[in-house]
>>> print(open('data-v1.txt').read())   # compact mmCIF, N, CA and C atoms
# COMPACT_ATOMS: atom_id res chain seq x y z
N MET L 86 -12.68 12.71 9.92
CA MET L 86 -13.56 13.49 9.09
C MET L 86 -14.47 12.54 8.33
N THR L 87 -15.73 12.56 8.66
CA THR L 87 -16.69 11.67 8.02
C THR L 87 -17.33 12.37 6.84
N MET L 88 -17.38 11.66 5.72
CA MET L 88 -17.98 12.25 4.55
C MET L 88 -19.49 12.21 4.66
N LYS L 89 -20.15 13.21 4.09
CA LYS L 89 -21.60 13.23 4.04
C LYS L 89 -22.03 12.25 2.96
N THR L 90 -23.01 11.44 3.29
CA THR L 90 -23.48 10.47 2.32
C THR L 90 -24.99 10.52 2.22
N GLY L 91 -25.46 10.05 1.10
CA GLY L 91 -26.89 9.88 0.93
C GLY L 91 -27.28 8.44 1.20
N LEU L 92 -26.39 7.71 1.83
CA LEU L 92 -26.65 6.31 2.11
C LEU L 92 -27.61 6.16 3.28
N SER L 93 -28.41 5.12 3.22
CA SER L 93 -29.33 4.83 4.33
C SER L 93 -28.53 4.22 5.48
N ALA L 94 -29.17 4.14 6.63
CA ALA L 94 -28.52 3.52 7.79
C ALA L 94 -28.13 2.07 7.51
N PRO L 95 -28.99 1.26 6.87
CA PRO L 95 -28.57 -0.11 6.55
C PRO L 95 -27.39 -0.16 5.58
N GLN L 96 -27.36 0.75 4.61
CA GLN L 96 -26.23 0.79 3.68
C GLN L 96 -24.94 1.13 4.42
N ARG L 97 -25.02 2.13 5.31
CA ARG L 97 -23.82 2.50 6.07
C ARG L 97 -23.34 1.35 6.94
N ARG L 98 -24.28 0.67 7.60
CA ARG L 98 -23.92 -0.46 8.46
C ARG L 98 -23.29 -1.58 7.64
N ALA L 99 -23.84 -1.86 6.47
CA ALA L 99 -23.28 -2.91 5.60
C ALA L 99 -21.86 -2.53 5.19
N ALA L 100 -21.66 -1.28 4.82
CA ALA L 100 -20.32 -0.82 4.42
C ALA L 100 -19.35 -0.95 5.59
N GLU L 101 -19.80 -0.61 6.78
CA GLU L 101 -18.94 -0.71 7.96
C GLU L 101 -18.56 -2.16 8.26
N ILE L 102 -19.52 -3.06 8.14
CA ILE L 102 -19.21 -4.48 8.36
C ILE L 102 -18.22 -4.96 7.33
N LEU L 103 -18.49 -4.66 6.06
CA LEU L 103 -17.61 -5.13 4.98
C LEU L 103 -16.20 -4.54 5.08
N ALA L 104 -16.10 -3.32 5.60
CA ALA L 104 -14.80 -2.66 5.67
C ALA L 104 -13.97 -3.07 6.87
N THR L 105 -14.63 -3.52 7.94
CA THR L 105 -13.88 -3.74 9.18
C THR L 105 -13.98 -5.14 9.76
N ASP L 106 -14.81 -5.98 9.20
CA ASP L 106 -15.01 -7.30 9.82
C ASP L 106 -13.83 -8.22 9.53
N ASP L 107 -12.97 -8.39 10.51
CA ASP L 107 -11.88 -9.34 10.38
C ASP L 107 -11.91 -10.36 11.52
N LYS L 108 -12.90 -10.26 12.36
CA LYS L 108 -13.02 -11.20 13.47
C LYS L 108 -14.19 -12.16 13.27
N ASN L 109 -15.35 -11.63 12.90
CA ASN L 109 -16.54 -12.46 12.77
C ASN L 109 -16.60 -13.19 11.44
N GLU L 110 -15.85 -12.72 10.46
CA GLU L 110 -15.83 -13.30 9.12
C GLU L 110 -17.23 -13.47 8.56
N TYR L 111 -17.93 -12.36 8.51
CA TYR L 111 -19.28 -12.35 7.95
C TYR L 111 -19.27 -12.81 6.50
N THR L 112 -20.26 -13.61 6.14
CA THR L 112 -20.49 -13.95 4.74
C THR L 112 -21.48 -12.91 4.19
N MET L 113 -21.64 -12.88 2.89
CA MET L 113 -22.59 -11.93 2.31
C MET L 113 -24.01 -12.19 2.82
N PRO L 114 -24.46 -13.45 2.92
CA PRO L 114 -25.80 -13.67 3.49
C PRO L 114 -25.92 -13.16 4.93
N MET L 115 -24.84 -13.30 5.70
CA MET L 115 -24.88 -12.83 7.09
C MET L 115 -24.97 -11.31 7.14
N VAL L 116 -24.22 -10.62 6.26
CA VAL L 116 -24.28 -9.15 6.23
C VAL L 116 -25.69 -8.72 5.83
N ALA L 117 -26.24 -9.35 4.79
CA ALA L 117 -27.58 -9.00 4.33
C ALA L 117 -28.60 -9.18 5.46
N GLU L 118 -28.51 -10.28 6.17
CA GLU L 118 -29.44 -10.52 7.28
C GLU L 118 -29.23 -9.48 8.40
N GLU L 119 -27.99 -9.18 8.70
CA GLU L 119 -27.68 -8.20 9.77
C GLU L 119 -28.30 -6.83 9.48
N VAL L 120 -28.26 -6.41 8.23
CA VAL L 120 -28.75 -5.06 7.89
C VAL L 120 -30.19 -5.07 7.39
N GLY L 121 -30.76 -6.26 7.21
CA GLY L 121 -32.17 -6.36 6.84
C GLY L 121 -32.45 -6.13 5.36
N CYS L 122 -31.62 -6.70 4.51
CA CYS L 122 -31.87 -6.59 3.08
C CYS L 122 -31.59 -7.95 2.43
N SER L 123 -31.90 -8.05 1.16
CA SER L 123 -31.61 -9.29 0.45
C SER L 123 -30.15 -9.28 -0.02
N GLU L 124 -29.65 -10.45 -0.33
CA GLU L 124 -28.28 -10.53 -0.87
C GLU L 124 -28.18 -9.77 -2.18
N ARG L 125 -29.21 -9.87 -2.98
CA ARG L 125 -29.23 -9.16 -4.27
C ARG L 125 -29.09 -7.65 -4.06
N THR L 126 -29.81 -7.13 -3.09
CA THR L 126 -29.71 -5.70 -2.77
C THR L 126 -28.31 -5.36 -2.30
N LEU L 127 -27.75 -6.21 -1.46
CA LEU L 127 -26.40 -5.98 -0.96
C LEU L 127 -25.39 -5.96 -2.11
N PHE L 128 -25.52 -6.89 -3.03
CA PHE L 128 -24.61 -6.90 -4.20
C PHE L 128 -24.80 -5.64 -5.04
N ARG L 129 -26.02 -5.17 -5.16
CA ARG L 129 -26.27 -3.93 -5.90
C ARG L 129 -25.62 -2.73 -5.19
N TRP L 130 -25.75 -2.69 -3.87
CA TRP L 130 -25.12 -1.61 -3.11
C TRP L 130 -23.61 -1.60 -3.33
N ARG L 131 -23.03 -2.77 -3.38
CA ARG L 131 -21.57 -2.88 -3.51
C ARG L 131 -21.05 -2.32 -4.84
N GLN L 132 -21.93 -2.09 -5.79
CA GLN L 132 -21.54 -1.50 -7.07
C GLN L 132 -21.69 0.03 -7.08
N ASP L 133 -22.36 0.56 -6.07
CA ASP L 133 -22.64 1.99 -6.00
C ASP L 133 -21.39 2.77 -5.59
N PRO L 134 -20.97 3.74 -6.41
CA PRO L 134 -19.75 4.51 -6.09
C PRO L 134 -19.79 5.18 -4.72
N GLU L 135 -20.96 5.66 -4.31
CA GLU L 135 -21.06 6.30 -2.99
C GLU L 135 -20.86 5.28 -1.87
N PHE L 136 -21.42 4.09 -2.04
CA PHE L 136 -21.24 3.00 -1.08
C PHE L 136 -19.76 2.62 -1.00
N ILE L 137 -19.14 2.48 -2.15
CA ILE L 137 -17.72 2.12 -2.22
C ILE L 137 -16.86 3.18 -1.53
N ALA L 138 -17.15 4.44 -1.81
CA ALA L 138 -16.37 5.54 -1.20
C ALA L 138 -16.53 5.52 0.33
N TYR L 139 -17.76 5.32 0.80
CA TYR L 139 -17.98 5.28 2.25
C TYR L 139 -17.26 4.09 2.87
N LYS L 140 -17.37 2.93 2.23
CA LYS L 140 -16.70 1.73 2.74
C LYS L 140 -15.18 1.95 2.80
N ASN L 141 -14.61 2.60 1.79
CA ASN L 141 -13.17 2.88 1.79
C ASN L 141 -12.78 3.86 2.89
N GLU L 142 -13.64 4.86 3.14
CA GLU L 142 -13.36 5.80 4.22
C GLU L 142 -13.36 5.08 5.58
N VAL L 143 -14.33 4.20 5.77
CA VAL L 143 -14.40 3.44 7.02
C VAL L 143 -13.15 2.56 7.16
N ALA L 144 -12.74 1.93 6.08
CA ALA L 144 -11.55 1.07 6.12
C ALA L 144 -10.30 1.90 6.44
N ASP L 145 -10.19 3.10 5.86
CA ASP L 145 -9.04 3.97 6.15
C ASP L 145 -9.01 4.36 7.62
N ARG L 146 -10.16 4.72 8.18
CA ARG L 146 -10.20 5.08 9.61
C ARG L 146 -9.82 3.89 10.48
N ALA L 147 -10.27 2.70 10.10
CA ALA L 147 -9.94 1.50 10.87
C ALA L 147 -8.44 1.25 10.83
N MET L 148 -7.82 1.46 9.68
CA MET L 148 -6.37 1.26 9.57
C MET L 148 -5.61 2.32 10.37
N ASP L 149 -6.10 3.55 10.38
CA ASP L 149 -5.45 4.58 11.20
C ASP L 149 -5.47 4.17 12.67
N ASP L 150 -6.58 3.62 13.13
CA ASP L 150 -6.70 3.17 14.50
C ASP L 150 -5.77 1.99 14.77
N PHE L 151 -5.61 1.12 13.77
CA PHE L 151 -4.77 -0.06 13.89
C PHE L 151 -3.28 0.31 13.92
N LEU L 152 -2.92 1.45 13.34
CA LEU L 152 -1.53 1.85 13.24
C LEU L 152 -0.84 1.95 14.60
N SER L 153 -1.51 2.51 15.58
CA SER L 153 -0.89 2.62 16.91
C SER L 153 -0.63 1.24 17.50
N ASP L 154 -1.55 0.30 17.29
CA ASP L 154 -1.33 -1.08 17.76
C ASP L 154 -0.12 -1.70 17.06
N THR L 155 -0.01 -1.43 15.78
CA THR L 155 1.09 -1.98 14.99
C THR L 155 2.43 -1.44 15.49
N TYR L 156 2.50 -0.14 15.72
CA TYR L 156 3.73 0.45 16.24
C TYR L 156 4.09 -0.12 17.61
N ARG L 157 3.10 -0.28 18.47
CA ARG L 157 3.35 -0.81 19.80
C ARG L 157 3.91 -2.23 19.70
N TYR L 158 3.31 -3.06 18.85
CA TYR L 158 3.79 -4.43 18.67
C TYR L 158 5.20 -4.44 18.08
N LEU L 159 5.44 -3.58 17.11
CA LEU L 159 6.75 -3.51 16.48
C LEU L 159 7.82 -3.09 17.49
N ARG L 160 7.51 -2.12 18.34
CA ARG L 160 8.46 -1.70 19.38
C ARG L 160 8.77 -2.86 20.34
N ARG L 161 7.72 -3.57 20.74
CA ARG L 161 7.92 -4.70 21.65
C ARG L 161 8.76 -5.79 20.98
N LEU L 162 8.49 -6.06 19.72
CA LEU L 162 9.24 -7.08 18.99
C LEU L 162 10.70 -6.67 18.81
N ALA L 163 10.93 -5.37 18.52
CA ALA L 163 12.30 -4.89 18.33
C ALA L 163 13.12 -4.99 19.61
N SER L 164 12.47 -4.81 20.75
CA SER L 164 13.23 -4.83 22.00
C SER L 164 13.29 -6.21 22.66
N SER L 165 12.32 -7.06 22.38
CA SER L 165 12.35 -8.36 23.07
C SER L 165 11.76 -9.49 22.23
N GLY L 166 12.03 -9.47 20.93
CA GLY L 166 11.54 -10.53 20.06
C GLY L 166 12.09 -11.89 20.44
N LEU L 167 11.44 -12.93 20.00
CA LEU L 167 11.84 -14.28 20.36
C LEU L 167 13.18 -14.70 19.76
N SER L 168 13.51 -14.15 18.62
CA SER L 168 14.78 -14.52 18.00
C SER L 168 15.52 -13.25 17.59
N GLU L 169 16.80 -13.39 17.42
CA GLU L 169 17.60 -12.24 16.99
C GLU L 169 17.15 -11.78 15.60
N GLY L 170 16.81 -12.74 14.73
CA GLY L 170 16.34 -12.39 13.39
C GLY L 170 15.07 -11.56 13.43
N ALA L 171 14.13 -11.94 14.31
CA ALA L 171 12.88 -11.18 14.44
C ALA L 171 13.15 -9.78 14.98
N ARG L 172 14.04 -9.68 15.95
CA ARG L 172 14.39 -8.36 16.50
C ARG L 172 15.03 -7.48 15.43
N LEU L 173 15.97 -8.05 14.66
CA LEU L 173 16.64 -7.27 13.62
C LEU L 173 15.67 -6.82 12.54
N LYS L 174 14.75 -7.68 12.14
CA LYS L 174 13.75 -7.31 11.13
C LYS L 174 12.86 -6.19 11.66
N ALA L 175 12.45 -6.28 12.91
CA ALA L 175 11.62 -5.23 13.51
C ALA L 175 12.39 -3.91 13.57
N ILE L 176 13.65 -3.96 13.96
CA ILE L 176 14.48 -2.76 14.00
C ILE L 176 14.60 -2.16 12.60
N GLU L 177 14.82 -3.02 11.61
CA GLU L 177 14.92 -2.56 10.22
C GLU L 177 13.63 -1.84 9.80
N LEU L 178 12.48 -2.42 10.12
CA LEU L 178 11.21 -1.80 9.77
C LEU L 178 11.02 -0.45 10.44
N VAL L 179 11.40 -0.37 11.71
CA VAL L 179 11.30 0.91 12.43
C VAL L 179 12.18 1.96 11.77
N LEU L 180 13.41 1.59 11.48
CA LEU L 180 14.34 2.54 10.86
C LEU L 180 13.86 2.98 9.48
N LYS L 181 13.34 2.06 8.70
CA LYS L 181 12.81 2.42 7.38
C LYS L 181 11.61 3.34 7.52
N ASN L 182 10.73 3.03 8.46
CA ASN L 182 9.55 3.85 8.68
C ASN L 182 9.92 5.27 9.07
N ARG L 183 10.97 5.41 9.83
CA ARG L 183 11.39 6.73 10.30
C ARG L 183 12.31 7.43 9.31
N GLY L 184 12.58 6.81 8.16
CA GLY L 184 13.41 7.43 7.14
C GLY L 184 14.90 7.36 7.42
N LYS L 185 15.29 6.51 8.36
CA LYS L 185 16.70 6.40 8.74
C LYS L 185 17.44 5.31 7.98
N LEU L 186 16.70 4.50 7.23
CA LEU L 186 17.30 3.40 6.49
C LEU L 186 16.55 3.29 5.17
N GLN L 187 17.31 3.22 4.10
CA GLN L 187 16.70 3.14 2.77
C GLN L 187 17.26 1.95 2.02
N ASP L 188 16.47 1.42 1.09
CA ASP L 188 16.87 0.27 0.30
C ASP L 188 17.61 0.67 -0.97
N VAL L 189 18.21 1.82 -0.97
CA VAL L 189 18.91 2.28 -2.17
C VAL L 189 20.36 2.55 -1.83
N GLN L 190 21.19 2.43 -2.84
CA GLN L 190 22.58 2.81 -2.69
C GLN L 190 22.81 3.97 -3.63
N ARG L 191 23.53 4.93 -3.18
CA ARG L 191 23.85 6.07 -4.02
C ARG L 191 25.26 5.88 -4.55
N ILE L 192 25.37 5.95 -5.85
CA ILE L 192 26.67 5.82 -6.49
C ILE L 192 26.92 7.08 -7.29
N ASP L 193 27.97 7.77 -6.94
CA ASP L 193 28.38 8.96 -7.68
C ASP L 193 29.56 8.59 -8.54
N GLN L 194 29.44 8.87 -9.82
CA GLN L 194 30.53 8.55 -10.72
C GLN L 194 30.60 9.63 -11.79
N THR L 195 31.79 10.05 -12.06
CA THR L 195 32.00 11.04 -13.11
C THR L 195 32.78 10.37 -14.24
N ILE L 196 32.25 10.50 -15.42
CA ILE L 196 32.93 9.93 -16.59
C ILE L 196 33.47 11.08 -17.41
N ARG L 197 34.76 11.02 -17.65
CA ARG L 197 35.41 12.05 -18.46
C ARG L 197 35.82 11.45 -19.78
N ASP L 198 35.47 12.10 -20.85
CA ASP L 198 35.84 11.66 -22.19
C ASP L 198 36.68 12.77 -22.79
N ASN L 199 37.96 12.52 -22.88
CA ASN L 199 38.88 13.55 -23.36
C ASN L 199 39.13 13.47 -24.87
N ARG L 200 38.32 12.66 -25.57
CA ARG L 200 38.53 12.54 -27.01
C ARG L 200 38.07 13.81 -27.72
N SER L 201 38.68 14.08 -28.82
CA SER L 201 38.29 15.23 -29.63
C SER L 201 37.05 14.88 -30.44
N ASP L 202 36.40 15.89 -30.99
CA ASP L 202 35.25 15.65 -31.85
C ASP L 202 35.62 14.76 -33.02
N ALA L 203 36.81 15.00 -33.58
CA ALA L 203 37.27 14.20 -34.74
C ALA L 203 37.45 12.74 -34.34
N ALA L 204 37.96 12.47 -33.16
CA ALA L 204 38.15 11.10 -32.70
C ALA L 204 36.80 10.42 -32.50
N ILE L 205 35.83 11.15 -31.97
CA ILE L 205 34.49 10.59 -31.76
C ILE L 205 33.84 10.30 -33.11
N GLU L 206 33.97 11.22 -34.07
CA GLU L 206 33.42 11.00 -35.41
C GLU L 206 34.06 9.77 -36.05
N ALA L 207 35.36 9.60 -35.88
CA ALA L 207 36.05 8.44 -36.44
C ALA L 207 35.54 7.15 -35.79
N GLU L 208 35.27 7.17 -34.50
CA GLU L 208 34.74 6.00 -33.79
C GLU L 208 33.34 5.66 -34.31
N ILE L 209 32.52 6.68 -34.53
CA ILE L 209 31.17 6.47 -35.06
C ILE L 209 31.25 5.84 -36.45
N GLU L 210 32.13 6.35 -37.28
CA GLU L 210 32.29 5.81 -38.62
C GLU L 210 32.75 4.35 -38.59
N ARG L 211 33.69 4.04 -37.72
CA ARG L 211 34.17 2.67 -37.58
C ARG L 211 33.04 1.73 -37.16
N LEU L 212 32.21 2.17 -36.23
CA LEU L 212 31.08 1.35 -35.77
C LEU L 212 30.05 1.16 -36.87
N ARG L 213 29.82 2.18 -37.67
CA ARG L 213 28.89 2.06 -38.81
C ARG L 213 29.39 1.01 -39.79
N GLN L 214 30.69 1.04 -40.03
CA GLN L 214 31.26 0.07 -40.98
C GLN L 214 31.11 -1.35 -40.43
N GLU L 215 31.33 -1.52 -39.14
CA GLU L 215 31.17 -2.84 -38.52
C GLU L 215 29.74 -3.34 -38.63
N MET L 216 28.79 -2.43 -38.55
CA MET L 216 27.38 -2.79 -38.63
C MET L 216 26.91 -2.98 -40.05
N GLY L 217 27.78 -2.64 -41.02
CA GLY L 217 27.43 -2.84 -42.41
C GLY L 217 26.63 -1.71 -43.00
N GLU L 218 26.71 -0.56 -42.45
CA GLU L 218 25.96 0.58 -42.99
C GLU L 218 26.73 1.23 -44.10
>>> encode(input="data-v1.txt", output="structure tokens")
Amino acid sequence: MTMKTGLSAPQRRAAEILATDDKNEYTMPMVAEEVGCSERTLFRWRQDPEFIAYKNEVADRAMDDFLSDTYRYLRRLASSGLSEGARLKAIELVLKNRGKLQDVQRIDQTIRDNRSDAAIEAEIERLRQEMGE
């Protein structure tokens, strides 16, 4: 779902480069040259909330696309990783992702206090005296 923007084509292209470039490692001058604007203009665009929102949307879509690659790699690693440690870590990640393994321990404990109200009041008074009240 692509959001409607009032951004120009160069602004959209700049946002797309900034959101997804992990191979070419564009510098800001390179992005500015690619889209046909000055670096100053590019820096100004980067402060615009609409530009930021579009860039974030593009980044989210790119990550969604990357997710299937990640799962495929994780499955391959879990079944045939180079070391047992790598395989176990991959299996752990798969199980956590699927909700089958959690990093929490559940401890159920019931505490029963059979003291009377008078005994509790006496304990409170003793503690007050110890504290110097």
>>> residues_around(input="data-v1.txt", residues="Ala104 of chain L", least_positions_apart="3", cutoff="12 Å", atoms="only C-alpha atoms", output="PyMOL selection string")
chain L and resi 97-101+107-108+110-111+116+131+136-148
>>> write_last_selection(input="data-v1.txt", atoms="N, CA and C atoms", output="tab-separated table (two decimals), in the coordinates of the input")
chain	number	residue	atom	x	y	z
L	97	ARG	N	-25.02	2.13	5.31
L	97	ARG	CA	-23.82	2.50	6.07
L	97	ARG	C	-23.34	1.35	6.94
L	98	ARG	N	-24.28	0.67	7.60
L	98	ARG	CA	-23.92	-0.46	8.46
L	98	ARG	C	-23.29	-1.58	7.64
L	99	ALA	N	-23.84	-1.86	6.47
L	99	ALA	CA	-23.28	-2.91	5.60
L	99	ALA	C	-21.86	-2.53	5.19
L	100	ALA	N	-21.66	-1.28	4.82
L	100	ALA	CA	-20.32	-0.82	4.42
L	100	ALA	C	-19.35	-0.95	5.59
L	101	GLU	N	-19.80	-0.61	6.78
L	101	GLU	CA	-18.94	-0.71	7.96
L	101	GLU	C	-18.56	-2.16	8.26
L	107	ASP	N	-12.97	-8.39	10.51
L	107	ASP	CA	-11.88	-9.34	10.38
L	107	ASP	C	-11.91	-10.36	11.52
L	108	LYS	N	-12.90	-10.26	12.36
L	108	LYS	CA	-13.02	-11.20	13.47
L	108	LYS	C	-14.19	-12.16	13.27
L	110	GLU	N	-15.85	-12.72	10.46
L	110	GLU	CA	-15.83	-13.30	9.12
L	110	GLU	C	-17.23	-13.47	8.56
L	111	TYR	N	-17.93	-12.36	8.51
L	111	TYR	CA	-19.28	-12.35	7.95
L	111	TYR	C	-19.27	-12.81	6.50
L	116	VAL	N	-24.22	-10.62	6.26
L	116	VAL	CA	-24.28	-9.15	6.23
L	116	VAL	C	-25.69	-8.72	5.83
L	131	ARG	N	-23.03	-2.77	-3.38
L	131	ARG	CA	-21.57	-2.88	-3.51
L	131	ARG	C	-21.05	-2.32	-4.84
L	136	PHE	N	-21.42	4.09	-2.04
L	136	PHE	CA	-21.24	3.00	-1.08
L	136	PHE	C	-19.76	2.62	-1.00
L	137	ILE	N	-19.14	2.48	-2.15
L	137	ILE	CA	-17.72	2.12	-2.22
L	137	ILE	C	-16.86	3.18	-1.53
L	138	ALA	N	-17.15	4.44	-1.81
L	138	ALA	CA	-16.37	5.54	-1.20
L	138	ALA	C	-16.53	5.52	0.33
L	139	TYR	N	-17.76	5.32	0.80
L	139	TYR	CA	-17.98	5.28	2.25
L	139	TYR	C	-17.26	4.09	2.87
L	140	LYS	N	-17.37	2.93	2.23
L	140	LYS	CA	-16.70	1.73	2.74
L	140	LYS	C	-15.18	1.95	2.80
L	141	ASN	N	-14.61	2.60	1.79
L	141	ASN	CA	-13.17	2.88	1.79
L	141	ASN	C	-12.78	3.86	2.89
L	142	GLU	N	-13.64	4.86	3.14
L	142	GLU	CA	-13.36	5.80	4.22
L	142	GLU	C	-13.36	5.08	5.58
L	143	VAL	N	-14.33	4.20	5.77
L	143	VAL	CA	-14.40	3.44	7.02
L	143	VAL	C	-13.15	2.56	7.16
L	144	ALA	N	-12.74	1.93	6.08
L	144	ALA	CA	-11.55	1.07	6.12
L	144	ALA	C	-10.30	1.90	6.44
L	145	ASP	N	-10.19	3.10	5.86
L	145	ASP	CA	-9.04	3.97	6.15
L	145	ASP	C	-9.01	4.36	7.62
L	146	ARG	N	-10.16	4.72	8.18
L	146	ARG	CA	-10.20	5.08	9.61
L	146	ARG	C	-9.82	3.89	10.48
L	147	ALA	N	-10.27	2.70	10.10
L	147	ALA	CA	-9.94	1.50	10.87
L	147	ALA	C	-8.44	1.25	10.83
L	148	MET	N	-7.82	1.46	9.68
L	148	MET	CA	-6.37	1.26	9.57
L	148	MET	C	-5.61	2.32	10.37
>>> atom_distance(input="data-v1.txt", atom1="atom C of Leu212 of chain L", atom2="atom CA of Gln194 of chain L")
27.2 Å
>>> atom_distance(input="data-v1.txt", atom1="atom CA of Ile176 of chain L", atom2="atom C of Asp154 of chain L")
15.0 Å
>>> residues_near_point(input="data-v1.txt", point="(-22.8, 7.8, 0.9)", cutoff="6.5 Å", atoms="only N, CA and C atoms", output="PyMOL selection string")
chain L and resi 89-92+135-136+139
>>> atom_distance(input="data-v1.txt", atom1="atom N of Pro114 of chain L", atom2="atom CA of Leu127 of chain L")
8.6 Å
>>> residues_around(input="data-v1.txt", residues="Gln187 of chain L", least_positions_apart="6", cutoff="10 Å", atoms="only C-alpha atoms", output="ChimeraX atom specification")
/L:177,180-181
>>> select_by_dssp(input="data-v1.txt", residues="chain L", states="alpha helix (DSSP H)", output="PyMOL selection string")
chain L and resi 94-105+113-120+124-130+134-165+169-182+202-216
>>> axis_aligned_box(input="data-v1.txt", around="segment 190-206 of chain L", padding_each_side="5 Å", output="AutoDock Vina command-line options")
--center_x 30.2 --center_y 9.2 --center_z -19.4 --size_x 27.9 --size_y 23.5 --size_z 43.4
>>> residues_around(input="data-v1.txt", residues="Tyr156 of chain L", least_positions_apart="6", cutoff="12 Å", atoms="only C-alpha atoms", output="ChimeraX atom specification")
/L:149-150,162-163,175-176,178-179,182-183
>>> write_last_selection(input="data-v1.txt", atoms="N, CA and C atoms", output="mmCIF file, in the coordinates of the input")
data_model
loop_
_atom_site.group_PDB
_atom_site.id
_atom_site.type_symbol
_atom_site.label_atom_id
_atom_site.label_comp_id
_atom_site.auth_asym_id
_atom_site.auth_seq_id
_atom_site.Cartn_x
_atom_site.Cartn_y
_atom_site.Cartn_z
ATOM 1 N N ASP L 149 -6.100 3.550 10.380
ATOM 2 C CA ASP L 149 -5.450 4.580 11.200
ATOM 3 C C ASP L 149 -5.470 4.170 12.670
ATOM 4 N N ASP L 150 -6.580 3.620 13.130
ATOM 5 C CA ASP L 150 -6.700 3.170 14.500
ATOM 6 C C ASP L 150 -5.770 1.990 14.770
ATOM 7 N N LEU L 162 8.490 -6.060 19.720
ATOM 8 C CA LEU L 162 9.240 -7.080 18.990
ATOM 9 C C LEU L 162 10.700 -6.670 18.810
ATOM 10 N N ALA L 163 10.930 -5.370 18.520
ATOM 11 C CA ALA L 163 12.300 -4.890 18.330
ATOM 12 C C ALA L 163 13.120 -4.990 19.610
ATOM 13 N N ALA L 175 12.450 -6.280 12.910
ATOM 14 C CA ALA L 175 11.620 -5.230 13.510
ATOM 15 C C ALA L 175 12.390 -3.910 13.570
ATOM 16 N N ILE L 176 13.650 -3.960 13.960
ATOM 17 C CA ILE L 176 14.480 -2.760 14.000
ATOM 18 C C ILE L 176 14.600 -2.160 12.600
ATOM 19 N N LEU L 178 12.480 -2.420 10.120
ATOM 20 C CA LEU L 178 11.210 -1.800 9.770
ATOM 21 C C LEU L 178 11.020 -0.450 10.440
ATOM 22 N N VAL L 179 11.400 -0.370 11.710
ATOM 23 C CA VAL L 179 11.300 0.910 12.430
ATOM 24 C C VAL L 179 12.180 1.960 11.770
ATOM 25 N N ASN L 182 10.730 3.030 8.460
ATOM 26 C CA ASN L 182 9.550 3.850 8.680
ATOM 27 C C ASN L 182 9.920 5.270 9.070
ATOM 28 N N ARG L 183 10.970 5.410 9.830
ATOM 29 C CA ARG L 183 11.390 6.730 10.300
ATOM 30 C C ARG L 183 12.310 7.430 9.310
#
>>> decode(input="data-v1.txt", residues="segment 172-176 of chain L", atoms="all heavy atoms", output="mmCIF file, in the first residue's frame")
data_model
loop_
_atom_site.group_PDB
_atom_site.id
_atom_site.type_symbol
_atom_site.label_atom_id
_atom_site.label_comp_id
_atom_site.auth_asym_id
_atom_site.auth_seq_id
_atom_site.Cartn_x
_atom_site.Cartn_y
_atom_site.Cartn_z
ATOM 1 N N ARG L 172 23.733 -24.016 14.334
ATOM 2 C CA ARG L 172 22.460 -24.706 14.090
ATOM 3 C C ARG L 172 21.512 -24.513 15.271
ATOM 4 O O ARG L 172 20.329 -24.221 15.094
ATOM 5 C CB ARG L 172 22.689 -26.185 13.812
ATOM 6 C CG ARG L 172 23.281 -26.458 12.430
ATOM 7 C CD ARG L 172 23.265 -27.928 12.055
ATOM 8 N NE ARG L 172 23.954 -28.782 13.014
ATOM 9 C CZ ARG L 172 25.263 -29.041 12.999
ATOM 10 N NH1 ARG L 172 26.021 -28.522 12.070
ATOM 11 N NH2 ARG L 172 25.805 -29.841 13.898
ATOM 12 N N LEU L 173 22.038 -24.676 16.498
ATOM 13 C CA LEU L 173 21.197 -24.519 17.687
ATOM 14 C C LEU L 173 20.668 -23.100 17.822
ATOM 15 O O LEU L 173 19.501 -22.893 18.174
ATOM 16 C CB LEU L 173 21.965 -24.925 18.943
ATOM 17 C CG LEU L 173 22.245 -26.421 19.098
ATOM 18 C CD1 LEU L 173 23.156 -26.670 20.288
ATOM 19 C CD2 LEU L 173 20.948 -27.203 19.233
ATOM 20 N N LYS L 174 21.500 -22.105 17.544
ATOM 21 C CA LYS L 174 21.051 -20.710 17.614
ATOM 22 C C LYS L 174 19.968 -20.450 16.577
ATOM 23 O O LYS L 174 18.977 -19.777 16.868
ATOM 24 C CB LYS L 174 22.246 -19.767 17.401
ATOM 25 C CG LYS L 174 21.904 -18.318 17.609
ATOM 26 C CD LYS L 174 21.456 -18.066 19.035
ATOM 27 C CE LYS L 174 21.170 -16.596 19.257
ATOM 28 N NZ LYS L 174 20.659 -16.333 20.592
ATOM 29 N N ALA L 175 20.132 -20.975 15.378
ATOM 30 C CA ALA L 175 19.120 -20.805 14.333
ATOM 31 C C ALA L 175 17.816 -21.478 14.738
ATOM 32 O O ALA L 175 16.734 -20.915 14.558
ATOM 33 C CB ALA L 175 19.627 -21.371 13.009
ATOM 34 N N ILE L 176 17.900 -22.676 15.293
ATOM 35 C CA ILE L 176 16.702 -23.378 15.758
ATOM 36 C C ILE L 176 16.020 -22.568 16.859
ATOM 37 O O ILE L 176 14.788 -22.411 16.875
ATOM 38 C CB ILE L 176 17.056 -24.797 16.237
ATOM 39 C CG1 ILE L 176 17.441 -25.662 15.032
ATOM 40 C CG2 ILE L 176 15.908 -25.422 17.019
ATOM 41 C CD1 ILE L 176 18.102 -26.979 15.388
#
